[in-house]
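**Student:** Next comes query02.txt, compact mmCIF, N, CA, C and O atoms:
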# COMPACT_ATOMS: atom_id res chain seq x y z
N MET A 1 -34.81 -29.70 -125.21
CA MET A 1 -35.64 -30.32 -126.21
C MET A 1 -36.38 -29.22 -126.97
O MET A 1 -36.84 -28.25 -126.39
N SER A 2 -36.49 -29.38 -128.25
CA SER A 2 -37.25 -28.41 -129.03
C SER A 2 -38.18 -29.15 -129.97
O SER A 2 -37.97 -30.33 -130.28
N ILE A 3 -39.21 -28.44 -130.39
CA ILE A 3 -40.16 -29.02 -131.33
C ILE A 3 -40.30 -28.06 -132.50
O ILE A 3 -40.00 -26.87 -132.39
N ASN A 4 -40.78 -28.56 -133.60
CA ASN A 4 -41.03 -27.72 -134.77
C ASN A 4 -42.45 -27.20 -134.71
O ASN A 4 -43.38 -27.94 -134.38
N ILE A 5 -42.61 -25.94 -135.06
CA ILE A 5 -43.92 -25.30 -135.15
C ILE A 5 -44.03 -24.69 -136.53
O ILE A 5 -43.11 -24.00 -136.98
N VAL A 6 -45.13 -24.92 -137.18
CA VAL A 6 -45.37 -24.34 -138.49
C VAL A 6 -46.52 -23.36 -138.35
O VAL A 6 -47.55 -23.69 -137.78
N ALA A 7 -46.32 -22.14 -138.86
CA ALA A 7 -47.39 -21.14 -138.78
C ALA A 7 -47.34 -20.25 -140.01
O ALA A 7 -46.26 -19.93 -140.52
N ARG A 8 -48.49 -19.87 -140.45
CA ARG A 8 -48.59 -18.91 -141.55
C ARG A 8 -48.65 -17.52 -140.92
O ARG A 8 -49.36 -17.31 -139.94
N VAL A 9 -47.92 -16.59 -141.51
CA VAL A 9 -47.92 -15.22 -141.01
C VAL A 9 -48.15 -14.28 -142.18
O VAL A 9 -47.80 -14.59 -143.32
N PRO A 10 -48.73 -13.12 -141.90
CA PRO A 10 -48.91 -12.13 -142.96
C PRO A 10 -47.56 -11.69 -143.53
O PRO A 10 -46.53 -11.76 -142.85
N GLU A 11 -47.58 -11.23 -144.76
CA GLU A 11 -46.34 -10.82 -145.42
C GLU A 11 -45.59 -9.76 -144.64
O GLU A 11 -44.36 -9.79 -144.58
N GLU A 12 -46.33 -8.82 -144.04
CA GLU A 12 -45.64 -7.74 -143.31
C GLU A 12 -44.92 -8.28 -142.07
O GLU A 12 -43.87 -7.77 -141.68
N VAL A 13 -45.47 -9.31 -141.43
CA VAL A 13 -44.80 -9.92 -140.29
C VAL A 13 -43.54 -10.63 -140.76
O VAL A 13 -42.47 -10.50 -140.15
N ASN A 14 -43.63 -11.34 -141.86
CA ASN A 14 -42.46 -11.99 -142.43
C ASN A 14 -41.39 -10.97 -142.78
O ASN A 14 -40.20 -11.17 -142.52
N ALA A 15 -41.82 -9.85 -143.36
CA ALA A 15 -40.86 -8.79 -143.71
C ALA A 15 -40.17 -8.25 -142.45
O ALA A 15 -38.96 -8.00 -142.46
N ASP A 16 -40.94 -8.08 -141.38
CA ASP A 16 -40.35 -7.61 -140.11
C ASP A 16 -39.33 -8.62 -139.58
O ASP A 16 -38.25 -8.24 -139.13
N ILE A 17 -39.69 -9.90 -139.62
CA ILE A 17 -38.77 -10.94 -139.15
C ILE A 17 -37.49 -10.92 -139.96
O ILE A 17 -36.38 -10.94 -139.40
N GLU A 18 -37.62 -10.84 -141.27
CA GLU A 18 -36.44 -10.79 -142.12
C GLU A 18 -35.60 -9.55 -141.84
O GLU A 18 -34.37 -9.63 -141.79
N PHE A 19 -36.25 -8.41 -141.64
CA PHE A 19 -35.53 -7.17 -141.35
C PHE A 19 -34.73 -7.30 -140.06
O PHE A 19 -33.53 -7.00 -140.03
N PHE A 20 -35.38 -7.76 -138.98
CA PHE A 20 -34.68 -7.86 -137.70
C PHE A 20 -33.60 -8.94 -137.71
O PHE A 20 -32.55 -8.78 -137.09
N ALA A 21 -33.85 -10.02 -138.42
CA ALA A 21 -32.83 -11.06 -138.54
C ALA A 21 -31.59 -10.50 -139.23
O ALA A 21 -30.45 -10.74 -138.79
N LYS A 22 -31.80 -9.73 -140.28
CA LYS A 22 -30.68 -9.11 -140.99
C LYS A 22 -29.95 -8.10 -140.10
O LYS A 22 -28.73 -8.09 -140.02
N GLU A 23 -30.73 -7.27 -139.40
CA GLU A 23 -30.15 -6.26 -138.52
C GLU A 23 -29.31 -6.89 -137.41
O GLU A 23 -28.27 -6.37 -137.03
N GLU A 24 -29.80 -8.00 -136.88
CA GLU A 24 -29.12 -8.66 -135.77
C GLU A 24 -28.15 -9.74 -136.24
O GLU A 24 -27.55 -10.43 -135.44
N GLN A 25 -28.04 -9.88 -137.56
CA GLN A 25 -27.11 -10.81 -138.19
C GLN A 25 -27.30 -12.25 -137.71
O GLN A 25 -26.36 -12.92 -137.30
N VAL A 26 -28.57 -12.67 -137.74
CA VAL A 26 -28.92 -14.05 -137.39
C VAL A 26 -29.85 -14.58 -138.48
O VAL A 26 -30.39 -13.82 -139.28
N ASP A 27 -30.04 -15.89 -138.50
CA ASP A 27 -30.97 -16.46 -139.47
C ASP A 27 -32.40 -16.25 -138.98
O ASP A 27 -32.65 -15.91 -137.83
N LYS A 28 -33.35 -16.45 -139.91
CA LYS A 28 -34.77 -16.23 -139.58
C LYS A 28 -35.23 -17.12 -138.43
O LYS A 28 -35.98 -16.67 -137.57
N SER A 29 -34.80 -18.37 -138.41
CA SER A 29 -35.24 -19.28 -137.35
C SER A 29 -34.80 -18.77 -135.98
O SER A 29 -35.58 -18.81 -135.02
N THR A 30 -33.59 -18.28 -135.89
CA THR A 30 -33.09 -17.74 -134.62
C THR A 30 -33.90 -16.52 -134.21
O THR A 30 -34.29 -16.37 -133.05
N GLU A 31 -34.20 -15.66 -135.17
CA GLU A 31 -34.98 -14.46 -134.87
C GLU A 31 -36.40 -14.83 -134.45
O GLU A 31 -36.94 -14.25 -133.51
N ILE A 32 -37.00 -15.79 -135.11
CA ILE A 32 -38.36 -16.23 -134.74
C ILE A 32 -38.36 -16.79 -133.32
O ILE A 32 -39.25 -16.48 -132.52
N ARG A 33 -37.36 -17.62 -132.98
CA ARG A 33 -37.28 -18.17 -131.62
C ARG A 33 -37.13 -17.06 -130.59
O ARG A 33 -37.78 -17.06 -129.54
N ARG A 34 -36.29 -16.06 -130.89
CA ARG A 34 -36.09 -14.94 -129.97
C ARG A 34 -37.39 -14.16 -129.78
O ARG A 34 -37.78 -13.83 -128.66
N LEU A 35 -38.07 -13.88 -130.88
CA LEU A 35 -39.32 -13.12 -130.80
C LEU A 35 -40.41 -13.89 -130.07
O LEU A 35 -41.17 -13.32 -129.27
N LEU A 36 -40.51 -15.20 -130.31
CA LEU A 36 -41.49 -16.02 -129.60
C LEU A 36 -41.20 -16.07 -128.10
O LEU A 36 -42.12 -15.97 -127.28
N ALA A 37 -39.93 -16.21 -127.75
CA ALA A 37 -39.56 -16.24 -126.33
C ALA A 37 -39.92 -14.91 -125.66
O ALA A 37 -40.48 -14.90 -124.56
N GLN A 38 -39.63 -13.81 -126.33
CA GLN A 38 -39.95 -12.49 -125.79
C GLN A 38 -41.45 -12.32 -125.64
O GLN A 38 -41.94 -11.86 -124.60
N ALA A 39 -42.20 -12.71 -126.66
CA ALA A 39 -43.66 -12.56 -126.62
C ALA A 39 -44.30 -13.43 -125.55
O ALA A 39 -45.21 -12.99 -124.84
N THR A 40 -43.83 -14.68 -125.41
CA THR A 40 -44.43 -15.55 -124.40
C THR A 40 -44.07 -15.07 -122.99
O THR A 40 -44.90 -15.18 -122.08
N HIS A 41 -42.88 -14.51 -122.82
CA HIS A 41 -42.52 -13.96 -121.51
C HIS A 41 -43.43 -12.77 -121.17
O HIS A 41 -43.97 -12.69 -120.06
N GLU A 42 -43.62 -11.88 -122.13
CA GLU A 42 -44.50 -10.73 -121.91
C GLU A 42 -45.93 -11.17 -121.65
O GLU A 42 -46.61 -10.61 -120.79
N LYS A 43 -46.39 -12.19 -122.37
CA LYS A 43 -47.76 -12.70 -122.18
C LYS A 43 -47.91 -13.33 -120.80
O LYS A 43 -48.95 -13.17 -120.15
N SER A 44 -46.88 -14.03 -120.31
CA SER A 44 -46.92 -14.62 -118.97
C SER A 44 -47.05 -13.54 -117.91
O SER A 44 -47.82 -13.68 -116.96
N ILE A 45 -46.34 -12.45 -118.08
CA ILE A 45 -46.42 -11.34 -117.13
C ILE A 45 -47.81 -10.72 -117.18
O ILE A 45 -48.44 -10.48 -116.14
N GLU A 46 -48.32 -10.47 -118.39
CA GLU A 46 -49.65 -9.90 -118.56
C GLU A 46 -50.71 -10.79 -117.90
O GLU A 46 -51.60 -10.30 -117.20
N TYR A 47 -50.62 -12.08 -118.12
CA TYR A 47 -51.56 -13.04 -117.55
C TYR A 47 -51.48 -13.04 -116.02
O TYR A 47 -52.50 -13.01 -115.33
N ALA A 48 -50.27 -13.06 -115.49
CA ALA A 48 -50.07 -13.07 -114.03
C ALA A 48 -50.62 -11.79 -113.41
O ALA A 48 -51.25 -11.83 -112.35
N LEU A 49 -50.40 -10.65 -114.05
CA LEU A 49 -50.93 -9.39 -113.53
C LEU A 49 -52.46 -9.41 -113.52
O LEU A 49 -53.08 -8.94 -112.56
N LEU A 50 -53.06 -9.95 -114.56
CA LEU A 50 -54.52 -10.05 -114.61
C LEU A 50 -55.05 -10.95 -113.50
O LEU A 50 -55.99 -10.58 -112.78
N LYS A 51 -54.44 -12.11 -113.32
CA LYS A 51 -54.86 -13.03 -112.27
C LYS A 51 -54.71 -12.39 -110.89
O LYS A 51 -55.57 -12.56 -110.01
N TYR A 52 -53.61 -11.67 -110.69
CA TYR A 52 -53.39 -11.00 -109.40
C TYR A 52 -54.38 -9.86 -109.20
O TYR A 52 -54.97 -9.71 -108.12
N ARG A 53 -54.60 -9.06 -110.24
CA ARG A 53 -55.55 -7.95 -110.15
C ARG A 53 -56.94 -8.46 -109.79
O ARG A 53 -57.65 -7.84 -109.00
N ASN A 54 -57.32 -9.61 -110.34
CA ASN A 54 -58.64 -10.19 -110.08
C ASN A 54 -58.68 -11.02 -108.80
O ASN A 54 -59.69 -11.69 -108.54
N ARG A 55 -57.60 -11.00 -108.05
CA ARG A 55 -57.50 -11.72 -106.77
C ARG A 55 -57.69 -13.23 -106.92
O ARG A 55 -58.20 -13.91 -106.04
N GLU A 56 -57.26 -13.75 -108.07
CA GLU A 56 -57.37 -15.18 -108.32
C GLU A 56 -56.13 -15.94 -107.86
O GLU A 56 -56.18 -17.16 -107.71
N VAL A 57 -55.02 -15.22 -107.68
CA VAL A 57 -53.77 -15.83 -107.20
C VAL A 57 -53.10 -14.88 -106.22
O VAL A 57 -53.36 -13.68 -106.21
N THR A 58 -52.25 -15.46 -105.39
CA THR A 58 -51.48 -14.65 -104.45
C THR A 58 -50.34 -13.94 -105.19
O THR A 58 -50.02 -14.27 -106.34
N LEU A 59 -49.73 -13.02 -104.52
CA LEU A 59 -48.58 -12.30 -105.06
C LEU A 59 -47.48 -13.28 -105.44
O LEU A 59 -46.90 -13.21 -106.53
N TRP A 60 -47.20 -14.21 -104.55
CA TRP A 60 -46.15 -15.20 -104.77
C TRP A 60 -46.46 -16.06 -106.00
O TRP A 60 -45.61 -16.27 -106.86
N LYS A 61 -47.69 -16.54 -106.09
CA LYS A 61 -48.10 -17.38 -107.20
C LYS A 61 -48.04 -16.60 -108.51
O LYS A 61 -47.60 -17.12 -109.54
N ALA A 62 -48.45 -15.37 -108.49
CA ALA A 62 -48.41 -14.53 -109.69
C ALA A 62 -46.96 -14.35 -110.18
O ALA A 62 -46.70 -14.43 -111.38
N ALA A 63 -46.04 -14.14 -109.25
CA ALA A 63 -44.64 -14.01 -109.63
C ALA A 63 -44.13 -15.30 -110.26
O ALA A 63 -43.36 -15.27 -111.24
N LYS A 64 -44.57 -16.45 -109.73
CA LYS A 64 -44.17 -17.74 -110.31
C LYS A 64 -44.74 -17.91 -111.71
O LYS A 64 -44.05 -18.39 -112.61
N ILE A 65 -45.99 -17.52 -111.91
CA ILE A 65 -46.62 -17.60 -113.23
C ILE A 65 -45.85 -16.73 -114.23
O ILE A 65 -45.59 -17.13 -115.36
N ALA A 66 -45.48 -15.54 -113.78
CA ALA A 66 -44.75 -14.60 -114.64
C ALA A 66 -43.28 -14.99 -114.83
O ALA A 66 -42.60 -14.44 -115.68
N ARG A 67 -42.81 -15.93 -114.01
CA ARG A 67 -41.42 -16.37 -114.03
C ARG A 67 -40.45 -15.22 -113.81
O ARG A 67 -39.46 -15.06 -114.53
N VAL A 68 -40.78 -14.41 -112.80
CA VAL A 68 -39.91 -13.30 -112.39
C VAL A 68 -39.78 -13.34 -110.86
O VAL A 68 -40.65 -13.89 -110.18
N PRO A 69 -38.72 -12.76 -110.33
CA PRO A 69 -38.59 -12.68 -108.87
C PRO A 69 -39.76 -11.91 -108.27
O PRO A 69 -40.34 -11.03 -108.92
N LEU A 70 -40.09 -12.25 -107.03
CA LEU A 70 -41.20 -11.60 -106.34
C LEU A 70 -41.05 -10.08 -106.34
O LEU A 70 -42.01 -9.36 -106.61
N SER A 71 -39.84 -9.59 -106.06
CA SER A 71 -39.63 -8.14 -106.00
C SER A 71 -39.90 -7.48 -107.35
O SER A 71 -40.48 -6.40 -107.42
N LYS A 72 -39.54 -8.14 -108.44
CA LYS A 72 -39.80 -7.59 -109.77
C LYS A 72 -41.30 -7.59 -110.05
O LYS A 72 -41.84 -6.62 -110.60
N PHE A 73 -41.99 -8.67 -109.66
CA PHE A 73 -43.43 -8.71 -109.88
C PHE A 73 -44.13 -7.60 -109.08
O PHE A 73 -45.06 -6.97 -109.59
N MET A 74 -43.68 -7.37 -107.86
CA MET A 74 -44.26 -6.29 -107.05
C MET A 74 -44.09 -4.95 -107.76
O MET A 74 -45.00 -4.12 -107.79
N HIS A 75 -42.92 -4.75 -108.36
CA HIS A 75 -42.66 -3.51 -109.10
C HIS A 75 -43.58 -3.41 -110.32
O HIS A 75 -44.15 -2.35 -110.58
N LEU A 76 -43.74 -4.52 -111.05
CA LEU A 76 -44.63 -4.52 -112.22
C LEU A 76 -46.07 -4.23 -111.82
O LEU A 76 -46.77 -3.46 -112.50
N ALA A 77 -46.53 -4.82 -110.72
CA ALA A 77 -47.88 -4.57 -110.24
C ALA A 77 -48.05 -3.10 -109.85
O ALA A 77 -49.08 -2.48 -110.16
N ALA A 78 -47.05 -2.54 -109.21
CA ALA A 78 -47.10 -1.13 -108.82
C ALA A 78 -47.16 -0.23 -110.06
O ALA A 78 -47.90 0.76 -110.08
N GLN A 79 -46.40 -0.58 -111.09
CA GLN A 79 -46.43 0.19 -112.33
C GLN A 79 -47.83 0.19 -112.96
O GLN A 79 -48.24 1.17 -113.57
N GLN A 80 -48.54 -0.92 -112.80
CA GLN A 80 -49.90 -1.05 -113.33
C GLN A 80 -50.95 -0.50 -112.35
O GLN A 80 -52.15 -0.63 -112.60
N LYS A 81 -50.46 0.06 -111.24
CA LYS A 81 -51.32 0.63 -110.19
C LYS A 81 -52.28 -0.42 -109.62
O LYS A 81 -53.44 -0.13 -109.31
N ILE A 82 -51.78 -1.64 -109.49
CA ILE A 82 -52.55 -2.71 -108.86
C ILE A 82 -52.23 -2.67 -107.38
O ILE A 82 -51.07 -2.81 -106.99
N PRO A 83 -53.23 -2.43 -106.53
CA PRO A 83 -52.95 -2.33 -105.10
C PRO A 83 -52.42 -3.66 -104.54
O PRO A 83 -52.78 -4.74 -105.00
N LEU A 84 -51.57 -3.54 -103.55
CA LEU A 84 -51.01 -4.72 -102.89
C LEU A 84 -52.14 -5.48 -102.21
O LEU A 84 -52.93 -4.92 -101.47
N GLN A 85 -52.24 -6.75 -102.53
CA GLN A 85 -53.27 -7.62 -101.96
C GLN A 85 -52.53 -8.69 -101.17
O GLN A 85 -52.19 -9.73 -101.70
N TYR A 86 -52.28 -8.39 -99.93
CA TYR A 86 -51.43 -9.28 -99.15
C TYR A 86 -51.93 -9.29 -97.72
O TYR A 86 -51.97 -8.26 -97.06
N ASP A 87 -52.35 -10.45 -97.25
CA ASP A 87 -52.84 -10.55 -95.88
C ASP A 87 -52.05 -11.62 -95.14
O ASP A 87 -51.11 -12.21 -95.66
N ARG A 88 -52.46 -11.89 -93.91
CA ARG A 88 -51.74 -12.86 -93.08
C ARG A 88 -51.70 -14.25 -93.74
O ARG A 88 -50.68 -14.92 -93.72
N GLU A 89 -52.81 -14.66 -94.34
CA GLU A 89 -52.85 -15.97 -95.00
C GLU A 89 -51.83 -16.04 -96.14
O GLU A 89 -51.14 -17.04 -96.31
N ASP A 90 -51.73 -14.95 -96.91
CA ASP A 90 -50.73 -14.90 -97.98
C ASP A 90 -49.32 -15.02 -97.41
O ASP A 90 -48.48 -15.74 -97.95
N LEU A 91 -49.07 -14.31 -96.31
CA LEU A 91 -47.77 -14.37 -95.66
C LEU A 91 -47.44 -15.79 -95.22
O LEU A 91 -46.33 -16.29 -95.43
N GLU A 92 -48.42 -16.46 -94.61
CA GLU A 92 -48.21 -17.83 -94.17
C GLU A 92 -47.93 -18.77 -95.35
O GLU A 92 -47.06 -19.63 -95.27
N GLU A 93 -48.65 -18.57 -96.45
CA GLU A 93 -48.40 -19.39 -97.65
C GLU A 93 -46.99 -19.14 -98.19
O GLU A 93 -46.31 -20.08 -98.60
N ASP A 94 -46.57 -17.89 -98.18
CA ASP A 94 -45.23 -17.56 -98.67
C ASP A 94 -44.16 -18.16 -97.77
O ASP A 94 -43.16 -18.69 -98.26
N PHE A 95 -44.37 -18.09 -96.45
CA PHE A 95 -43.41 -18.71 -95.53
C PHE A 95 -43.34 -20.21 -95.79
O PHE A 95 -42.26 -20.80 -95.80
N ALA A 96 -44.49 -20.84 -96.00
CA ALA A 96 -44.52 -22.28 -96.27
C ALA A 96 -43.77 -22.60 -97.56
O ALA A 96 -43.03 -23.58 -97.63
N ALA A 97 -43.96 -21.77 -98.57
CA ALA A 97 -43.27 -22.01 -99.85
C ALA A 97 -41.76 -21.83 -99.71
O ALA A 97 -40.99 -22.59 -100.30
N VAL A 98 -41.34 -20.86 -98.93
CA VAL A 98 -39.91 -20.59 -98.78
C VAL A 98 -39.25 -21.51 -97.77
O VAL A 98 -38.18 -22.06 -98.03
N PHE A 99 -39.89 -21.70 -96.64
CA PHE A 99 -39.26 -22.43 -95.54
C PHE A 99 -39.80 -23.85 -95.33
O PHE A 99 -39.31 -24.59 -94.50
N GLY A 100 -40.87 -24.19 -96.05
CA GLY A 100 -41.42 -25.53 -95.95
C GLY A 100 -42.25 -25.78 -94.71
O GLY A 100 -42.45 -26.90 -94.30
N LYS A 101 -42.71 -24.71 -94.08
CA LYS A 101 -43.58 -24.87 -92.90
C LYS A 101 -44.48 -23.65 -92.79
O LYS A 101 -44.24 -22.63 -93.40
N ARG A 102 -45.52 -23.76 -92.02
CA ARG A 102 -46.47 -22.67 -91.84
C ARG A 102 -45.94 -21.66 -90.82
O ARG A 102 -45.37 -22.04 -89.82
N GLY A 103 -46.15 -20.36 -91.11
CA GLY A 103 -45.79 -19.32 -90.16
C GLY A 103 -46.84 -19.20 -89.08
O GLY A 103 -47.91 -19.76 -89.18
N LYS A 104 -46.55 -18.51 -88.02
CA LYS A 104 -47.52 -18.33 -86.93
C LYS A 104 -47.75 -16.87 -86.66
O LYS A 104 -46.98 -16.04 -86.82
In structure tokens, how does this file's structure come out?
**Tutor:**
Amino acid sequence: MSINIVARVPEEVNADIEFFAKEEQVDKSTEIRRLLAQATHEKSIEYALLKYRNREVTLWKAAKIARVPLSKFMHLAAQQKIPLQYDREDLEEDFAAVFGKRGK
């Protein structure tokens, strides 16, 4: 399912969209959808890293927010020099999420 979105953009942004659409041999709508998807994915990762850094979510939850595998999120957090925040309770939550029961 898709919806229509209308937005005003500065001329230079429009010029960039037209340039990349031409370079990639696609129409402007296709290029805008690609750019929006890329930007929202990057924003999801940025948001998840912030929530994890602030200890507002577990590692597992942050990876789900970012919509990336846990191992990739761990790598992204390491790149940002965010220390691993993982204790027994987090492990038990992760076991419950994966196996449907609490670990001991």
**Student:** Which residues are close to range 80-94 of chain A, i.e. within 8 Å by all atoms listed in the file, leaving aside same-chain residues fewer than 3 positions away? Reply as a ChimeraX atom specification.
**Tutor:** /A:49,52-53,55,57-61,73-77,97-104
**Student:** With only C-alpha atoms as the counted atoms, please give the residues lying no more than 10 Å from Lys22 in chain A, apart from itself and same-chain residues fewer than 6 positions off, as a PyMOL selection string.
**Tutor:** chain A and resi 16+28+31
**Student:** At what distance in Å, to one decimal, does CA of Gln79 in chain A lie from CA of Ala37 in chain A?
**Tutor:** 22.7 Å
**Student:** For Arg34 in chain A, find every residue with an atom within 12 Å (counting only C-alpha atoms), except residues of its own chain fewer than 5 positions away, and show them as a ChimeraX atom specification.
**Tutor:** /A:17,20-21,24,26-29,39-41
**Student:** What does the distance from CA of Ser44 in chain A to CA of Arg67 in chain A come to in Å, to one decimal?
**Tutor:**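 Distance between the two atoms: 7.6 Å.
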**Student:** Report, in Å with one decimal, the straight-line distance from atom C of Asn14 in chain A to atom O of Leu36 in chain A.
**Tutor:**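 Computed distance, atom C of Asn14 in chain A to atom O of Leu36 in chain A, equals 16.3 Å.
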**Student:** Kindly compute an axis-aligned box around the listed atoms of range 68-71 of chain A, allowing 4 Å on each side, and express its centre and edge lengths in Å to one decimal as lines of an AutoDock Vina configuration file.
**Tutor:**
center_x = -40.3
center_y = -10.4
center_z = -109.4
size_x = 11.4
size_y = 16.0
size_z = 14.8
**Student:** So which one's closest to Val68 in chain A, A:Glu56, A:Glu23, A:Glu42, A:Ala15? Using only C-alpha atoms, please.
**Tutor:** A:Glu42
**Student:** Calculated over only N, CA, C and O atoms, which of the candidates A:Ile5, A:Lys72, A:Ala62, A:Val13 has the smallest distance to Ala48 in chain A?
**Tutor:**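 Distance minimum relative to Ala48 in chain A lands on A:Ala62.
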**Student:** For range 45-53 of chain A, supply all heavy atoms and format the output as a CSV table (one decimal), in the coordinates of the input.
**Tutor:**
chain,number,residue,atom,x,y,z
A,45,ILE,N,-46.3,-12.4,-118.1
A,45,ILE,CA,-46.4,-11.3,-117.1
A,45,ILE,C,-47.8,-10.7,-117.2
A,45,ILE,O,-48.4,-10.5,-116.1
A,45,ILE,CB,-45.3,-10.3,-117.4
A,45,ILE,CG1,-44.0,-10.9,-117.1
A,45,ILE,CG2,-45.6,-9.0,-116.6
A,45,ILE,CD1,-42.8,-10.0,-117.5
A,46,GLU,N,-48.3,-10.5,-118.4
A,46,GLU,CA,-49.6,-9.9,-118.6
A,46,GLU,C,-50.7,-10.8,-117.9
A,46,GLU,O,-51.6,-10.3,-117.2
A,46,GLU,CB,-49.9,-9.8,-120.1
A,46,GLU,CG,-51.3,-9.2,-120.4
A,46,GLU,CD,-51.4,-9.2,-122.0
A,46,GLU,OE1,-50.5,-8.7,-122.7
A,46,GLU,OE2,-52.5,-9.7,-122.4
A,47,TYR,N,-50.6,-12.1,-118.1
A,47,TYR,CA,-51.6,-13.0,-117.6
A,47,TYR,C,-51.5,-13.0,-116.0
A,47,TYR,O,-52.5,-13.0,-115.3
A,47,TYR,CB,-51.3,-14.4,-118.1
A,47,TYR,CG,-52.1,-15.5,-117.6
A,47,TYR,CD1,-53.4,-15.7,-118.0
A,47,TYR,CD2,-51.7,-16.4,-116.6
A,47,TYR,CE1,-54.3,-16.7,-117.5
A,47,TYR,CE2,-52.5,-17.4,-116.1
A,47,TYR,CZ,-53.8,-17.6,-116.6
A,47,TYR,OH,-54.5,-18.6,-116.1
A,48,ALA,N,-50.3,-13.1,-115.5
A,48,ALA,CA,-50.1,-13.1,-114.0
A,48,ALA,C,-50.6,-11.8,-113.4
A,48,ALA,O,-51.2,-11.8,-112.4
A,48,ALA,CB,-48.6,-13.2,-113.7
A,49,LEU,N,-50.4,-10.6,-114.0
A,49,LEU,CA,-50.9,-9.4,-113.5
A,49,LEU,C,-52.5,-9.4,-113.5
A,49,LEU,O,-53.1,-8.9,-112.6
A,49,LEU,CB,-50.4,-8.2,-114.4
A,49,LEU,CG,-49.0,-7.8,-114.1
A,49,LEU,CD1,-48.5,-6.9,-115.2
A,49,LEU,CD2,-48.7,-7.2,-112.8
A,50,LEU,N,-53.1,-10.0,-114.6
A,50,LEU,CA,-54.5,-10.0,-114.6
A,50,LEU,C,-55.0,-11.0,-113.5
A,50,LEU,O,-56.0,-10.6,-112.8
A,50,LEU,CB,-55.0,-10.6,-116.0
A,50,LEU,CG,-56.5,-10.8,-116.1
A,50,LEU,CD1,-57.2,-9.5,-116.1
A,50,LEU,CD2,-56.7,-11.6,-117.4
A,51,LYS,N,-54.4,-12.1,-113.3
A,51,LYS,CA,-54.9,-13.0,-112.3
A,51,LYS,C,-54.7,-12.4,-110.9
A,51,LYS,O,-55.6,-12.6,-110.0
A,51,LYS,CB,-54.1,-14.3,-112.3
A,51,LYS,CG,-54.4,-15.2,-113.5
A,51,LYS,CD,-55.8,-15.7,-113.4
A,51,LYS,CE,-56.1,-16.7,-114.4
A,51,LYS,NZ,-57.5,-17.2,-114.4
A,52,TYR,N,-53.6,-11.7,-110.7
A,52,TYR,CA,-53.4,-11.0,-109.4
A,52,TYR,C,-54.4,-9.9,-109.2
A,52,TYR,O,-55.0,-9.7,-108.1
A,52,TYR,CB,-51.9,-10.5,-109.3
A,52,TYR,CG,-51.6,-9.9,-108.0
A,52,TYR,CD1,-51.6,-10.6,-106.8
A,52,TYR,CD2,-51.4,-8.5,-107.9
A,52,TYR,CE1,-51.4,-10.1,-105.6
A,52,TYR,CE2,-51.1,-7.9,-106.6
A,52,TYR,CZ,-51.1,-8.7,-105.5
A,52,TYR,OH,-50.8,-8.1,-104.3
A,53,ARG,N,-54.6,-9.1,-110.2
A,53,ARG,CA,-55.6,-8.0,-110.2
A,53,ARG,C,-56.9,-8.5,-109.8
A,53,ARG,O,-57.6,-7.8,-109.0
A,53,ARG,CB,-55.6,-7.2,-111.5
A,53,ARG,CG,-56.7,-6.1,-111.5
A,53,ARG,CD,-56.8,-5.4,-112.8
A,53,ARG,NE,-55.7,-4.5,-113.0
A,53,ARG,CZ,-54.7,-4.5,-113.9
A,53,ARG,NH1,-54.8,-5.5,-114.9
A,53,ARG,NH2,-53.8,-3.6,-114.0
